[in-house]
>>> print(open('model.cif').read())   # mmCIF, C-alpha atoms
data_input
loop_
_atom_site.label_atom_id
_atom_site.label_comp_id
_atom_site.auth_asym_id
_atom_site.auth_seq_id
_atom_site.Cartn_x
_atom_site.Cartn_y
_atom_site.Cartn_z
CA MET A 255 21.01 -22.53 -7.40
CA GLU A 256 19.92 -24.83 -10.20
CA ILE A 257 17.81 -27.97 -9.73
CA LEU A 258 19.22 -30.97 -11.63
CA GLN A 259 19.00 -34.77 -11.62
CA VAL A 260 21.98 -37.10 -11.12
CA GLU A 261 22.61 -39.38 -14.09
CA ALA A 262 25.93 -41.17 -13.75
CA PRO A 263 29.51 -40.86 -12.50
CA LEU A 264 31.99 -39.40 -15.03
CA VAL A 265 34.98 -41.48 -16.07
CA CYS A 266 37.92 -39.22 -16.85
CA THR A 267 41.48 -40.50 -16.40
CA GLN A 268 43.20 -37.50 -18.03
CA ARG A 269 42.50 -34.33 -16.06
CA VAL A 270 44.10 -31.17 -14.68
CA ALA A 271 45.97 -31.58 -11.38
CA GLY A 272 43.47 -29.55 -9.32
CA LEU A 273 40.70 -32.13 -9.82
CA GLN A 274 42.66 -35.19 -8.62
CA HIS A 275 40.69 -36.25 -5.52
CA VAL A 276 37.10 -35.21 -6.21
CA SER A 277 34.12 -37.28 -7.29
CA LEU A 278 32.54 -36.13 -10.57
CA ARG A 279 28.91 -36.67 -11.67
CA VAL A 280 26.95 -36.02 -14.83
CA LEU A 281 23.80 -34.00 -14.00
CA ARG A 282 20.84 -33.52 -16.32
CA ASN A 283 18.41 -30.65 -16.64
CA ALA A 284 15.00 -32.34 -16.86
CA LYS A 285 13.49 -29.52 -18.93
CA THR A 286 16.17 -28.86 -21.55
CA GLY A 287 17.99 -32.20 -21.41
CA LYS A 288 21.33 -30.37 -21.09
CA ARG A 289 24.07 -32.32 -19.31
CA GLN A 290 26.76 -30.81 -17.07
CA VAL A 291 29.59 -32.15 -14.92
CA ALA A 292 29.63 -31.33 -11.18
CA VAL A 293 31.80 -32.05 -8.16
CA ASP A 294 29.91 -34.17 -5.59
CA PRO A 295 30.91 -33.63 -1.91
CA VAL A 296 27.55 -34.98 -0.66
CA GLY A 297 27.48 -38.54 -2.01
CA CYS A 298 24.54 -38.74 -4.45
CA ARG A 299 22.95 -41.73 -6.09
CA GLU A 300 21.62 -42.02 -9.64
CA GLY A 301 18.19 -40.45 -9.92
CA ASN A 302 18.61 -38.05 -6.96
CA TRP A 303 17.35 -34.51 -7.43
CA VAL A 304 19.99 -32.06 -6.28
CA PHE A 305 20.62 -28.31 -6.30
CA THR A 306 23.97 -26.89 -7.30
CA ALA A 307 26.10 -23.78 -6.78
CA MET A 308 28.04 -22.36 -9.71
CA GLY A 309 30.78 -19.76 -10.02
CA SER A 310 33.16 -19.07 -7.14
CA ALA A 311 30.61 -20.49 -4.65
CA ALA A 312 31.20 -23.88 -6.30
CA ARG A 313 34.80 -23.82 -5.10
CA TYR A 314 33.75 -23.04 -1.50
CA ALA A 315 31.07 -25.75 -1.62
CA ALA A 316 33.64 -28.33 -2.75
CA GLY A 317 35.16 -27.97 0.72
CA ASP A 318 38.44 -26.61 -0.64
CA PHE A 319 38.59 -23.28 -2.50
CA GLU A 320 41.46 -24.61 -4.64
CA VAL A 321 39.30 -27.29 -6.32
CA LEU A 322 38.96 -26.29 -9.98
CA THR A 323 35.22 -26.52 -10.38
CA ASP A 324 32.50 -24.12 -11.52
CA LEU A 325 29.63 -26.43 -10.45
CA THR A 326 29.22 -28.29 -7.12
CA ILE A 327 26.31 -30.21 -5.65
CA CYS A 328 25.09 -28.47 -2.45
CA GLY A 329 22.34 -30.80 -1.29
CA ILE A 330 19.91 -33.58 -2.12
CA ILE A 331 16.27 -32.47 -2.27
CA ASP A 332 14.03 -34.68 -0.08
CA TYR A 333 11.12 -34.67 -2.51
CA TRP A 334 10.84 -33.19 -5.98
CA GLU A 335 8.29 -33.58 -8.72
CA GLU A 336 9.23 -32.03 -12.02
CA GLN A 337 6.25 -29.99 -13.18
CA MET B 142 31.23 -27.87 -16.00
CA GLU B 143 30.14 -27.98 -19.62
CA ILE B 144 30.68 -30.94 -21.97
CA LEU B 145 32.07 -29.88 -25.36
CA GLN B 146 33.91 -31.38 -28.35
CA VAL B 147 37.33 -30.21 -29.58
CA GLU B 148 37.25 -28.91 -33.15
CA ALA B 149 40.52 -27.18 -34.04
CA PRO B 150 43.34 -25.04 -32.71
CA LEU B 151 42.77 -21.27 -32.92
CA VAL B 152 45.19 -19.16 -34.94
CA CYS B 153 45.46 -15.71 -33.42
CA THR B 154 48.68 -13.71 -33.80
CA GLN B 155 47.32 -10.45 -32.34
CA ARG B 156 46.33 -10.94 -28.69
CA VAL B 157 46.49 -9.37 -25.26
CA ALA B 158 49.77 -9.92 -23.36
CA GLY B 159 48.26 -12.23 -20.72
CA LEU B 160 47.52 -14.96 -23.29
CA GLN B 161 51.02 -15.21 -24.78
CA HIS B 162 52.06 -18.75 -23.82
CA VAL B 163 48.83 -20.74 -23.75
CA SER B 164 47.38 -23.14 -26.30
CA LEU B 165 43.92 -22.15 -27.57
CA ARG B 166 41.25 -24.49 -28.98
CA VAL B 167 37.88 -24.02 -30.62
CA LEU B 168 35.28 -26.15 -28.81
CA ARG B 169 31.81 -26.95 -30.12
CA ASN B 170 28.57 -27.63 -28.28
CA ALA B 171 27.13 -30.70 -30.03
CA LYS B 172 23.54 -29.72 -29.27
CA THR B 173 23.44 -26.03 -30.14
CA GLY B 174 26.44 -25.89 -32.51
CA LYS B 175 27.80 -22.88 -30.59
CA ARG B 176 31.59 -22.46 -30.77
CA GLN B 177 33.79 -21.10 -27.97
CA VAL B 178 37.53 -20.61 -27.44
CA ALA B 179 39.22 -22.32 -24.46
CA VAL B 180 42.69 -22.59 -22.95
CA ASP B 181 44.02 -26.18 -23.18
CA PRO B 182 46.44 -27.23 -20.38
CA VAL B 183 45.69 -30.95 -20.95
CA GLY B 184 46.73 -31.52 -24.56
CA CYS B 185 43.56 -32.47 -26.49
CA ARG B 186 43.17 -33.84 -30.00
CA GLU B 187 40.48 -33.00 -32.54
CA GLY B 188 37.29 -34.91 -31.79
CA ASN B 189 37.98 -35.37 -28.04
CA TRP B 190 35.07 -34.83 -25.67
CA VAL B 191 36.14 -32.59 -22.83
CA PHE B 192 34.60 -30.80 -19.85
CA THR B 193 35.45 -27.19 -19.08
CA ALA B 194 35.49 -24.77 -16.15
CA MET B 195 34.36 -21.20 -16.70
CA GLY B 196 34.59 -18.03 -14.61
CA SER B 197 37.38 -17.54 -12.10
CA ALA B 198 37.88 -21.34 -11.88
CA ALA B 199 39.11 -21.19 -15.49
CA ARG B 200 42.06 -19.08 -14.38
CA TYR B 201 42.99 -21.58 -11.63
CA ALA B 202 42.60 -24.50 -14.05
CA ALA B 203 44.97 -22.84 -16.54
CA GLY B 204 47.72 -23.47 -13.97
CA ASP B 205 48.36 -19.75 -13.47
CA PHE B 206 45.67 -17.44 -12.03
CA GLU B 207 47.03 -14.56 -14.16
CA VAL B 208 46.08 -16.23 -17.46
CA LEU B 209 43.29 -14.13 -19.00
CA THR B 210 40.76 -16.83 -19.74
CA ASP B 211 37.12 -17.44 -18.82
CA LEU B 212 37.08 -21.02 -20.19
CA THR B 213 39.65 -23.78 -19.60
CA ILE B 214 39.62 -27.49 -20.44
CA CYS B 215 39.72 -29.54 -17.20
CA GLY B 216 39.81 -33.10 -18.53
CA ILE B 217 39.22 -35.47 -21.44
CA ILE B 218 36.20 -37.76 -20.97
CA ASP B 219 37.15 -41.43 -21.54
CA TYR B 220 33.92 -42.32 -23.30
CA TRP B 221 31.02 -40.11 -24.32
CA GLU B 222 28.06 -40.71 -26.56
CA GLU B 223 25.97 -37.64 -27.32
CA GLN B 224 22.34 -38.57 -26.71
CA MET C 139 35.75 -17.25 -24.62
CA GLU C 140 33.06 -16.14 -27.05
CA ILE C 141 33.63 -15.48 -30.76
CA LEU C 142 32.09 -12.20 -31.92
CA GLN C 143 32.37 -9.69 -34.79
CA VAL C 144 33.28 -6.01 -34.35
CA GLU C 145 30.56 -3.65 -35.56
CA ALA C 146 31.27 -0.09 -34.48
CA PRO C 147 32.73 2.10 -31.74
CA LEU C 148 30.29 3.10 -28.99
CA VAL C 149 29.64 6.78 -28.39
CA CYS C 150 28.87 7.37 -24.72
CA THR C 151 29.69 10.74 -23.13
CA GLN C 152 27.95 10.05 -19.79
CA ARG C 153 29.59 7.13 -18.02
CA VAL C 154 30.83 5.92 -14.62
CA ALA C 155 34.28 7.16 -13.60
CA GLY C 156 35.98 3.77 -13.88
CA LEU C 157 35.47 3.63 -17.67
CA GLN C 158 37.08 7.01 -18.47
CA HIS C 159 40.09 6.03 -20.57
CA VAL C 160 39.06 2.84 -22.36
CA SER C 161 37.94 2.30 -25.93
CA LEU C 162 34.47 0.72 -26.24
CA ARG C 163 33.19 -1.34 -29.18
CA VAL C 164 29.85 -2.85 -30.12
CA LEU C 165 30.29 -6.56 -30.89
CA ARG C 166 27.73 -8.76 -32.62
CA ASN C 167 27.02 -12.46 -32.30
CA ALA C 168 26.70 -13.68 -35.88
CA LYS C 169 24.30 -16.47 -34.98
CA THR C 170 21.84 -14.78 -32.65
CA GLY C 171 22.38 -11.16 -33.74
CA LYS C 172 22.77 -10.11 -30.09
CA ARG C 173 24.89 -6.99 -29.54
CA GLN C 174 27.18 -6.36 -26.56
CA VAL C 175 29.64 -3.65 -25.52
CA ALA C 176 33.29 -4.60 -24.87
CA VAL C 177 36.51 -2.88 -23.83
CA ASP C 178 39.09 -3.02 -26.65
CA PRO C 179 42.76 -3.08 -25.53
CA VAL C 180 43.89 -4.65 -28.84
CA GLY C 181 42.83 -2.07 -31.44
CA CYS C 182 40.21 -3.75 -33.66
CA ARG C 183 38.71 -2.63 -36.93
CA GLU C 184 35.12 -2.98 -38.08
CA GLY C 185 34.46 -6.49 -39.39
CA ASN C 186 37.24 -8.17 -37.35
CA TRP C 187 36.41 -11.49 -35.71
CA VAL C 188 37.53 -11.45 -32.10
CA PHE C 189 37.27 -13.61 -29.00
CA THR C 190 36.38 -12.12 -25.64
CA ALA C 191 36.79 -12.85 -21.93
CA MET C 192 33.90 -12.15 -19.58
CA GLY C 193 33.58 -12.00 -15.80
CA SER C 194 36.54 -11.10 -13.61
CA ALA C 195 38.97 -12.17 -16.39
CA ALA C 196 37.64 -9.21 -18.41
CA ARG C 197 39.08 -6.83 -15.83
CA TYR C 198 42.52 -8.49 -15.99
CA ALA C 199 42.42 -8.49 -19.80
CA ALA C 200 41.70 -4.76 -19.85
CA GLY C 201 45.24 -4.30 -18.50
CA ASP C 202 44.00 -2.81 -15.24
CA PHE C 203 41.88 -4.80 -12.78
CA GLU C 204 40.08 -1.60 -11.74
CA VAL C 205 38.48 -1.08 -15.17
CA LEU C 206 34.74 -1.62 -14.73
CA THR C 207 34.09 -4.09 -17.51
CA ASP C 208 32.56 -7.56 -17.73
CA LEU C 209 33.62 -8.09 -21.39
CA THR C 210 37.03 -7.45 -22.95
CA ILE C 211 38.46 -8.32 -26.37
CA CYS C 212 41.40 -10.75 -25.94
CA GLY C 213 42.57 -11.19 -29.53
CA ILE C 214 41.79 -10.89 -33.22
CA ILE C 215 41.30 -14.23 -34.98
CA ASP C 216 43.50 -14.50 -38.12
CA TYR C 217 40.89 -16.32 -40.17
CA TRP C 218 37.29 -17.17 -39.34
CA GLU C 219 34.44 -18.40 -41.45
CA GLU C 220 31.07 -18.48 -39.71
CA GLN C 221 29.55 -21.88 -40.39
CA MET D 52 19.22 -8.63 -10.68
CA GLU D 53 16.52 -11.05 -11.78
CA ILE D 54 12.82 -10.70 -10.96
CA LEU D 55 11.29 -13.96 -9.71
CA GLN D 56 8.26 -15.18 -7.76
CA VAL D 57 8.46 -17.16 -4.49
CA GLU D 58 6.88 -20.60 -4.74
CA ALA D 59 7.70 -22.70 -1.69
CA PRO D 60 10.34 -23.48 0.92
CA LEU D 61 12.83 -26.22 -0.07
CA VAL D 62 13.08 -29.31 2.12
CA CYS D 63 16.61 -30.67 2.05
CA THR D 64 17.99 -32.59 5.04
CA GLN D 65 21.23 -33.71 3.35
CA ARG D 66 23.35 -30.70 2.42
CA VAL D 67 26.91 -29.34 2.48
CA ALA D 68 28.09 -27.88 5.80
CA GLY D 69 28.21 -24.28 4.56
CA LEU D 70 24.42 -24.13 4.08
CA GLN D 71 23.48 -25.24 7.62
CA HIS D 72 21.65 -22.22 9.00
CA VAL D 73 20.05 -20.52 5.99
CA SER D 74 16.48 -20.56 4.78
CA LEU D 75 16.04 -21.88 1.23
CA ARG D 76 13.20 -21.04 -1.19
CA VAL D 77 12.16 -22.25 -4.62
CA LEU D 78 11.74 -19.27 -6.97
CA ARG D 79 10.00 -19.36 -10.33
CA ASN D 80 10.59 -17.32 -13.46
CA ALA D 81 7.08 -16.32 -14.58
CA LYS D 82 8.06 -16.16 -18.26
CA THR D 83 10.07 -19.34 -18.76
CA GLY D 84 8.71 -21.38 -15.82
CA LYS D 85 12.28 -22.22 -14.75
CA ARG D 86 12.74 -22.93 -11.04
CA GLN D 87 15.81 -22.07 -8.96
CA VAL D 88 16.79 -22.34 -5.29
CA ALA D 89 17.77 -19.16 -3.41
CA VAL D 90 18.89 -18.18 0.09
CA ASP D 91 16.28 -15.95 1.78
CA PRO D 92 17.65 -13.42 4.34
CA VAL D 93 14.57 -11.18 3.97
CA GLY D 94 11.71 -13.45 5.03
CA CYS D 95 9.45 -13.88 1.98
CA ARG D 96 6.00 -15.38 1.70
CA GLU D 97 4.63 -17.55 -1.09
CA GLY D 98 3.57 -15.45 -4.06
CA ASN D 99 5.92 -12.52 -3.27
CA TRP D 100 7.76 -10.96 -6.21
CA VAL D 101 11.43 -10.59 -5.35
CA PHE D 102 14.67 -9.61 -7.06
CA THR D 103 17.83 -11.65 -6.58
CA ALA D 104 21.61 -11.25 -6.76
CA MET D 105 23.68 -14.04 -8.28
CA GLY D 106 27.40 -14.79 -8.37
CA SER D 107 29.72 -13.55 -5.63
CA ALA D 108 27.21 -10.79 -4.71
CA ALA D 109 24.87 -13.57 -3.55
CA ARG D 110 27.33 -14.47 -0.83
CA TYR D 111 27.56 -10.85 0.39
CA ALA D 112 23.77 -10.52 0.30
CA ALA D 113 23.36 -13.64 2.45
CA GLY D 114 24.91 -11.60 5.26
CA ASP D 115 27.95 -13.86 5.49
CA PHE D 116 30.40 -14.21 2.60
CA GLU D 117 31.06 -17.84 3.62
CA VAL D 118 27.50 -18.98 2.84
CA LEU D 119 27.71 -21.29 -0.17
CA THR D 120 25.09 -19.74 -2.40
CA ASP D 121 25.05 -18.38 -5.95
CA LEU D 122 21.55 -16.87 -5.62
CA THR D 123 20.17 -14.73 -2.78
CA ILE D 124 16.95 -12.74 -2.43
CA CYS D 125 17.77 -9.01 -2.09
CA GLY D 126 14.34 -7.49 -1.62
CA ILE D 127 10.58 -7.85 -1.99
CA ILE D 128 9.06 -5.67 -4.73
CA ASP D 129 6.14 -3.58 -3.41
CA TYR D 130 4.07 -3.94 -6.55
CA TRP D 131 4.70 -5.98 -9.68
CA GLU D 132 2.49 -6.92 -12.58
CA GLU D 133 3.99 -9.44 -14.96
CA GLN D 134 3.50 -8.07 -18.45
CA MET E 162 28.32 -5.35 -21.31
CA GLU E 163 24.65 -5.67 -22.20
CA ILE E 164 22.60 -2.98 -23.94
CA LEU E 165 19.25 -2.35 -22.25
CA GLN E 166 16.54 0.31 -22.04
CA VAL E 167 15.45 2.06 -18.84
CA GLU E 168 11.79 1.47 -18.00
CA ALA E 169 11.01 2.68 -14.50
CA PRO E 170 12.34 3.07 -10.96
CA LEU E 171 11.78 0.04 -8.68
CA VAL E 172 9.80 0.52 -5.50
CA CYS E 173 11.04 -1.87 -2.83
CA THR E 174 10.72 -0.95 0.84
CA GLN E 175 11.81 -4.33 2.22
CA ARG E 176 15.39 -5.09 1.19
CA VAL E 177 18.71 -6.42 2.48
CA ALA E 178 20.87 -3.96 4.41
CA GLY E 179 23.57 -3.70 1.72
CA LEU E 180 21.19 -2.06 -0.77
CA GLN E 181 20.02 0.77 1.51
CA HIS E 182 21.29 3.88 -0.30
CA VAL E 183 21.30 2.97 -3.99
CA SER E 184 18.86 3.89 -6.70
CA LEU E 185 17.27 0.89 -8.45
CA ARG E 186 15.87 0.78 -12.00
CA VAL E 187 13.97 -1.76 -14.05
CA LEU E 188 15.75 -2.31 -17.38
CA ARG E 189 14.26 -4.07 -20.40
CA ASN E 190 15.92 -6.08 -23.13
CA ALA E 191 14.33 -4.78 -26.34
CA LYS E 192 14.75 -8.09 -28.17
CA THR E 193 13.59 -10.64 -25.61
CA GLY E 194 11.43 -8.37 -23.44
CA LYS E 195 13.19 -9.69 -20.32
CA ARG E 196 13.25 -7.29 -17.35
CA GLN E 197 16.06 -6.97 -14.81
CA VAL E 198 16.82 -4.73 -11.84
CA ALA E 199 20.04 -2.66 -11.85
CA VAL E 200 21.81 -0.17 -9.58
CA ASP E 201 21.97 3.28 -11.22
CA PRO E 202 25.00 5.45 -10.23
CA VAL E 203 24.69 7.57 -13.42
CA GLY E 204 21.20 9.09 -13.12
CA CYS E 205 19.15 7.73 -16.04
CA ARG E 206 15.76 8.77 -17.33
CA GLU E 207 12.96 6.56 -18.64
CA GLY E 208 13.64 5.54 -22.24
CA ASN E 209 17.45 5.95 -22.03
CA TRP E 210 19.56 3.25 -23.69
CA VAL E 211 22.29 2.14 -21.29
CA PHE E 212 24.96 -0.53 -21.07
CA THR E 213 25.51 -2.52 -17.89
CA ALA E 214 28.22 -4.50 -16.12
CA MET E 215 27.32 -7.73 -14.36
CA GLY E 216 29.13 -9.99 -11.93
CA SER E 217 31.80 -8.63 -9.61
CA ALA E 218 32.36 -5.63 -11.96
CA ALA E 219 28.85 -4.50 -11.02
CA ARG E 220 30.00 -3.98 -7.45
CA TYR E 221 32.99 -1.88 -8.54
CA ALA E 222 30.79 0.13 -10.92
CA ALA E 223 28.35 0.92 -8.11
CA GLY E 224 31.16 3.03 -6.60
CA ASP E 225 31.40 0.82 -3.51
CA PHE E 226 32.45 -2.83 -3.73
CA GLU E 227 30.20 -3.63 -0.75
CA VAL E 228 26.98 -2.80 -2.61
CA LEU E 229 25.10 -6.06 -3.10
CA THR E 230 24.40 -5.89 -6.80
CA ASP E 231 25.10 -8.15 -9.79
CA LEU E 232 24.03 -5.53 -12.37
CA THR E 233 25.01 -1.86 -12.54
CA ILE E 234 24.48 0.79 -15.21
CA CYS E 235 27.88 1.95 -16.58
CA GLY E 236 26.84 4.63 -19.04
CA ILE E 237 24.11 6.17 -21.18
CA ILE E 238 24.54 5.60 -24.93
CA ASP E 239 24.36 8.88 -26.88
CA TYR E 240 22.48 7.39 -29.81
CA TRP E 241 21.06 3.91 -30.28
CA GLU E 242 18.67 2.47 -32.80
CA GLU E 243 17.51 -1.05 -32.05
CA GLN E 244 17.93 -3.03 -35.26
#
>>> encode(input="model.cif", output="structure tokens")
Amino acid sequence: MEILQVEAPLVCTQRVAGLQHVSLRVLRNAKTGKRQVAVDPVGCREGNWVFTAMGSAARYAAGDFEVLTDLTICGIIDYWEEQ
Amino acid sequence: MEILQVEAPLVCTQRVAGLQHVSLRVLRNAKTGKRQVAVDPVGCREGNWVFTAMGSAARYAAGDFEVLTDLTICGIIDYWEEQ
Amino acid sequence: MEILQVEAPLVCTQRVAGLQHVSLRVLRNAKTGKRQVAVDPVGCREGNWVFTAMGSAARYAAGDFEVLTDLTICGIIDYWEEQ
Amino acid sequence: MEILQVEAPLVCTQRVAGLQHVSLRVLRNAKTGKRQVAVDPVGCREGNWVFTAMGSAARYAAGDFEVLTDLTICGIIDYWEEQ
Amino acid sequence: MEILQVEAPLVCTQRVAGLQHVSLRVLRNAKTGKRQVAVDPVGCREGNWVFTAMGSAARYAAGDFEVLTDLTICGIIDYWEEQ
């Protein structure tokens, strides 16, 4: 599971039906700077370090296997220092 | 879910049966310049910033699990500035 | 779905049972030069630009979910100029 | 399956329900320095070299397909020298 | 399917139950030097060039869907010259 930092919510009014009721966040890889979008079932705040599940596990982690995601936040790390 | 920009439709007359009725788009990663092909169930326009699901989620997002895709557009981002 | 160029057929007499009746091709990424092996249900010729499905979609695209592939050619692109 | 080195346990009090009873470890890729979080059903110690399964295999390897992981430690390598 | 070269068997006495009866090999990517562990149902020798299936196809290729692998050797390439 990848370790990423929460940046901001994602505003997206036009989306596929299967994503209607989930909260979306932009996550950032501190090393490469790459940004990705993830479903957030945990309730993160900006700046939180989180770890994520991708692939079919992301759909289980979203709490509903029918949610159309390939990346879901699994937990907030209590303490993390990027080395 | 990855953040990509819509470039152009893909013209492809010779394809496997399972892709017959879907709309295909070429998407571009703004950072690396890498191009990929995705199924578009949303109706994007050139220049739109979108986020995509890959893997088995891509088949769900296409609206029909039998569609033979590994990348599907999930939504159009309202505002995005590539940093 | 990735965009790759067909290089050559793959000669492989010793293989797992589940790959017995499929045609295999070596595909090349024009940017990175990386080569991969894909199942070809379309009938490509050397030099063709194709797009491919990976993961579980590759097994559907092969026309038989039991085919042991993680990469299958989905279609031949009518016109492609590598930028 | 990837070859990684065990660094430390991961402290994470706020997590999704499906991860409640598993042990989590931070693993490090010796070449790239990239860190990932994995489920540990084997019982590793810091410094151990392990190999991991990702994707849906990670859920089988965790001993319970319902565990929400995309990376699980499969075994401890008896002897490994990073070249 | 990736093209890799067989390096050595992997010695690993402590492993998860689902890997008990399979033969494991260390494979090497000739370009990047990256090493991975794969299940070998074919019977390779050191130096062989092979191609591999990853993801859920790896479990089918292992001859038993319950084998906890994400990488399995699918065949030995008759002739390969790394360019």
>>> closest_residue(input="model.cif", among="C:Gly193, C:Ala168, C:Glu140, C:Gly185", to="chain E", atoms="only C-alpha atoms")
C:Gly193
>>> closest_residue(input="model.cif", among="E:Val183, E:Ile238, E:Cys205, E:Ala178", to="chain D", atoms="only C-alpha atoms")
E:Ala178
>>> resolve_selection(input="model.cif", expression="the PyMOL selection byres ((chain C and resi 147-152) around 6)", output="PyMOL selection string")
(chain C and resi 146+153+162-164) or (chain E and resi 236-239)
>>> calpha_fit_and_write(input="model.cif", fixed="chain D", moving="chain C", output="compact mmCIF listing (two decimals) with C-alpha atoms, in the coordinates of the input")
# COMPACT_ATOMS: atom_id res chain seq x y z
CA MET C 139 19.23 -8.62 -10.67
CA GLU C 140 16.53 -11.04 -11.79
CA ILE C 141 12.83 -10.70 -10.96
CA LEU C 142 11.30 -13.95 -9.71
CA GLN C 143 8.26 -15.19 -7.76
CA VAL C 144 8.46 -17.16 -4.49
CA GLU C 145 6.87 -20.60 -4.73
CA ALA C 146 7.70 -22.70 -1.69
CA PRO C 147 10.35 -23.48 0.92
CA LEU C 148 12.83 -26.21 -0.05
CA VAL C 149 13.07 -29.30 2.12
CA CYS C 150 16.62 -30.65 2.03
CA THR C 151 17.98 -32.59 5.02
CA GLN C 152 21.23 -33.70 3.34
CA ARG C 153 23.35 -30.70 2.43
CA VAL C 154 26.92 -29.34 2.47
CA ALA C 155 28.07 -27.87 5.78
CA GLY C 156 28.19 -24.27 4.56
CA LEU C 157 24.40 -24.13 4.07
CA GLN C 158 23.44 -25.25 7.60
CA HIS C 159 21.65 -22.21 8.99
CA VAL C 160 20.06 -20.52 5.98
CA SER C 161 16.47 -20.56 4.78
CA LEU C 162 16.05 -21.88 1.21
CA ARG C 163 13.21 -21.04 -1.18
CA VAL C 164 12.16 -22.25 -4.61
CA LEU C 165 11.73 -19.27 -6.95
CA ARG C 166 10.01 -19.36 -10.33
CA ASN C 167 10.58 -17.32 -13.46
CA ALA C 168 7.10 -16.31 -14.59
CA LYS C 169 8.06 -16.17 -18.25
CA THR C 170 10.06 -19.34 -18.75
CA GLY C 171 8.72 -21.36 -15.80
CA LYS C 172 12.29 -22.21 -14.75
CA ARG C 173 12.73 -22.94 -11.03
CA GLN C 174 15.80 -22.08 -8.95
CA VAL C 175 16.78 -22.34 -5.28
CA ALA C 176 17.77 -19.16 -3.39
CA VAL C 177 18.89 -18.19 0.10
CA ASP C 178 16.28 -15.96 1.79
CA PRO C 179 17.65 -13.43 4.33
CA VAL C 180 14.57 -11.18 3.97
CA GLY C 181 11.70 -13.45 5.04
CA CYS C 182 9.45 -13.90 1.99
CA ARG C 183 6.00 -15.39 1.70
CA GLU C 184 4.63 -17.56 -1.08
CA GLY C 185 3.57 -15.44 -4.05
CA ASN C 186 5.93 -12.52 -3.28
CA TRP C 187 7.78 -10.97 -6.21
CA VAL C 188 11.44 -10.60 -5.36
CA PHE C 189 14.68 -9.61 -7.06
CA THR C 190 17.84 -11.64 -6.59
CA ALA C 191 21.61 -11.24 -6.79
CA MET C 192 23.69 -14.03 -8.29
CA GLY C 193 27.41 -14.77 -8.38
CA SER C 194 29.72 -13.54 -5.64
CA ALA C 195 27.22 -10.77 -4.72
CA ALA C 196 24.87 -13.56 -3.56
CA ARG C 197 27.34 -14.48 -0.83
CA TYR C 198 27.56 -10.86 0.40
CA ALA C 199 23.77 -10.52 0.29
CA ALA C 200 23.36 -13.63 2.44
CA GLY C 201 24.92 -11.58 5.27
CA ASP C 202 27.95 -13.85 5.49
CA PHE C 203 30.41 -14.23 2.60
CA GLU C 204 31.05 -17.85 3.63
CA VAL C 205 27.48 -18.98 2.85
CA LEU C 206 27.70 -21.30 -0.16
CA THR C 207 25.10 -19.74 -2.40
CA ASP C 208 25.06 -18.38 -5.95
CA LEU C 209 21.54 -16.87 -5.61
CA THR C 210 20.17 -14.73 -2.78
CA ILE C 211 16.95 -12.74 -2.43
CA CYS C 212 17.78 -9.01 -2.09
CA GLY C 213 14.33 -7.48 -1.62
CA ILE C 214 10.58 -7.85 -1.98
CA ILE C 215 9.07 -5.68 -4.72
CA ASP C 216 6.13 -3.59 -3.40
CA TYR C 217 4.06 -3.95 -6.55
CA TRP C 218 4.70 -6.00 -9.67
CA GLU C 219 2.50 -6.93 -12.57
CA GLU C 220 4.00 -9.45 -14.97
CA GLN C 221 3.50 -8.09 -18.47
>>> atom_distance(input="model.cif", atom1="CA of Gln290 (chain A)", atom2="CA of Arg200 (chain B)")
19.5 Å
>>> atom_distance(input="model.cif", atom1="CA of Gln146 (chain B)", atom2="CA of Asp181 (chain B)")
12.5 Å
>>> closest_residue(input="model.cif", among="C:Leu165, C:Thr207, C:Ala191, C:Lys172", to="chain B", atoms="only C-alpha atoms")
C:Ala191
>>> interface_residues(input="model.cif", of="chain A", to="chain D", cutoff="10 Å", atoms="all atoms listed in the file", output="PyMOL selection string")
chain A and resi 255-258+285+294-298+304-317+326-334+336-337
>>> atom_distance(input="model.cif", atom1="CA of Arg183 (chain C)", atom2="CA of Asp202 (chain C)")
22.3 Å
